[in-house]
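Printed here is start-v6.csv (CSV, C-alpha atoms):
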```
chain,number,residue,atom,x,y,z
U,1,MET,CA,88.9,110.2,54.6
U,2,ALA,CA,87.4,113.0,56.7
U,3,SER,CA,86.7,116.4,55.1
U,4,GLU,CA,85.3,119.7,56.1
U,5,LEU,CA,84.1,122.7,54.0
U,6,LEU,CA,85.6,126.1,54.7
U,7,ASP,CA,84.8,129.5,53.5
U,8,VAL,CA,88.0,131.6,53.2
U,9,ASP,CA,87.6,135.1,52.0
U,10,GLY,CA,84.5,134.3,50.0
U,11,GLU,CA,85.9,131.2,48.4
U,12,THR,CA,84.7,127.7,49.3
U,13,TRP,CA,87.2,124.9,50.0
U,14,GLU,CA,87.0,121.3,50.9
U,15,VAL,CA,89.8,120.2,53.2
U,16,SER,CA,90.4,116.4,53.4
U,17,ASP,CA,92.8,114.5,55.5
U,18,HIS,CA,94.5,111.2,54.5
U,19,PRO,CA,93.9,108.3,56.8
U,20,GLY,CA,97.1,106.5,57.7
U,21,VAL,CA,99.2,109.6,56.8
U,22,PRO,CA,98.9,112.0,59.7
U,23,GLY,CA,99.4,115.7,58.8
U,24,ARG,CA,98.7,115.3,55.1
U,25,TYR,CA,95.8,117.3,53.7
U,26,HIS,CA,94.3,118.0,50.3
U,27,TYR,CA,92.7,121.3,49.6
U,28,ALA,CA,90.1,121.5,46.8
U,29,TRP,CA,89.0,124.9,45.6
U,30,LEU,CA,85.3,124.3,45.0
U,31,SER,CA,84.4,127.8,44.0
U,32,GLY,CA,87.5,128.5,41.9
U,33,PRO,CA,87.5,129.1,38.2
U,34,ASN,CA,89.3,125.8,37.4
U,35,ARG,CA,87.4,122.7,38.4
U,36,GLY,CA,89.5,120.2,40.4
U,37,TYR,CA,92.2,122.8,41.2
U,38,GLY,CA,93.8,122.8,44.6
U,39,PHE,CA,96.9,121.6,46.5
U,40,THR,CA,98.2,119.1,49.0
U,41,SER,CA,100.4,119.7,52.0
U,42,GLN,CA,102.2,117.6,54.5
U,43,THR,CA,103.5,118.7,57.9
U,44,SER,CA,107.1,117.9,58.6
U,45,ASN,CA,106.3,116.3,62.0
U,46,ASN,CA,103.0,114.6,61.0
U,47,ALA,CA,101.1,116.9,63.3
U,48,GLU,CA,97.4,117.4,62.7
U,49,LEU,CA,96.4,120.9,61.8
U,50,ASP,CA,93.4,122.9,63.1
U,51,THR,CA,91.0,125.1,61.1
U,52,GLY,CA,93.1,128.2,61.7
U,53,HIS,CA,96.1,126.6,60.1
U,54,HIS,CA,94.0,125.4,57.2
U,55,ARG,CA,92.7,128.9,56.6
U,56,ALA,CA,96.3,130.3,56.7
U,57,ALA,CA,97.5,127.7,54.1
U,58,ILE,CA,94.6,128.5,51.8
U,59,ARG,CA,95.2,132.3,52.1
U,60,ASP,CA,98.9,131.7,51.3
U,61,PHE,CA,98.0,129.7,48.2
U,62,LEU,CA,95.5,132.3,47.0
U,63,ARG,CA,98.1,135.1,47.3
U,64,HIS,CA,100.1,133.3,44.6
U,65,VAL,CA,97.1,132.7,42.2
U,66,ASP,CA,97.0,134.8,39.0
U,67,PRO,CA,93.5,136.5,39.1
U,68,GLU,CA,93.2,136.3,35.3
U,69,THR,CA,93.9,132.6,34.9
U,70,GLY,CA,93.0,131.2,38.4
U,71,TYR,CA,96.3,129.2,38.4
U,72,LEU,CA,99.5,129.7,40.4
U,73,GLU,CA,101.6,132.5,38.9
```
Write out the structure in this file as structure tokens.
Amino acid sequence: MASELLDVDGETWEVSDHPGVPGRYHYAWLSGPNRGYGFTSQTSNNAELDTGHHRAAIRDFLRHVDPETGYLE
């Protein structure tokens, strides 16, 4: 499994792909308040995503996080 670290708006994320499943990614929020928290996504056409798409997915996720709990609203 390949992974890369991304800084998105001051938060550190690890983005990992899943070998054998093109277009599926796991996003781990390394600097977040809840250890192990993150999300997984899958493209509908199995297309691989670039860093810009990963940043957009993370920003969308963070828009829905409750700042008091660190979890999705």
Problem - From U:Glu73, U:Glu4, U:Glu11, U:Asp17, residue lying nearest U:Thr43 [all atoms listed in the file] - result: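 Checking each of U:Glu73, U:Glu4, U:Glu11, U:Asp17 against U:Thr43, counting all atoms listed in the file, the winner is U:Asp17.
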Practice task
Would you work out the distance separating atom CA of U:Asp50 from atom CA of U:His26, expressed in Å to one decimal?
Solution key: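 Distance reported for this atom pair: 13.7 Å.
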Problem - From U:Ser3, U:Asp9, U:Ala28, U:Tyr71, residue lying nearest U:Ala56 [all atoms listed in the file] - result: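 Closest residue, counting all atoms listed in the file: U:Asp9.
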Exercise for the section: Tell me, in Å to one decimal, how far atom CA of U:Asp66 is from atom CA of U:Arg35. Expected result: 15.5 Å
Name all residues at most 9 Å from U:Leu6 (count all atoms listed in the file; drop same-chain ones fewer than 4 positions away) and give them as a short mmCIF file (atom, residue, chain, number, x, y, z; two decimals) with C-alpha atoms, in the coordinates of the input.
```
data_model
loop_
_atom_site.label_atom_id
_atom_site.label_comp_id
_atom_site.auth_asym_id
_atom_site.auth_seq_id
_atom_site.Cartn_x
_atom_site.Cartn_y
_atom_site.Cartn_z
CA GLU U 11 85.90 131.20 48.40
CA THR U 12 84.70 127.70 49.30
CA TRP U 13 87.20 124.90 50.00
CA GLU U 14 87.00 121.30 50.90
CA VAL U 15 89.80 120.20 53.20
CA THR U 51 91.00 125.10 61.10
CA HIS U 54 94.00 125.40 57.20
CA ARG U 55 92.70 128.90 56.60
#
```
Problem - Within 12 Å of file point (102.2, 129.5, 44.0), counting only C-alpha atoms, expressed as number ranges by chain - result: U: 38-39, 57-66, 70-73
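What separates atom CA of U:Ala2 from atom CA of U:Tyr37 is a distance of 19.0 Å.
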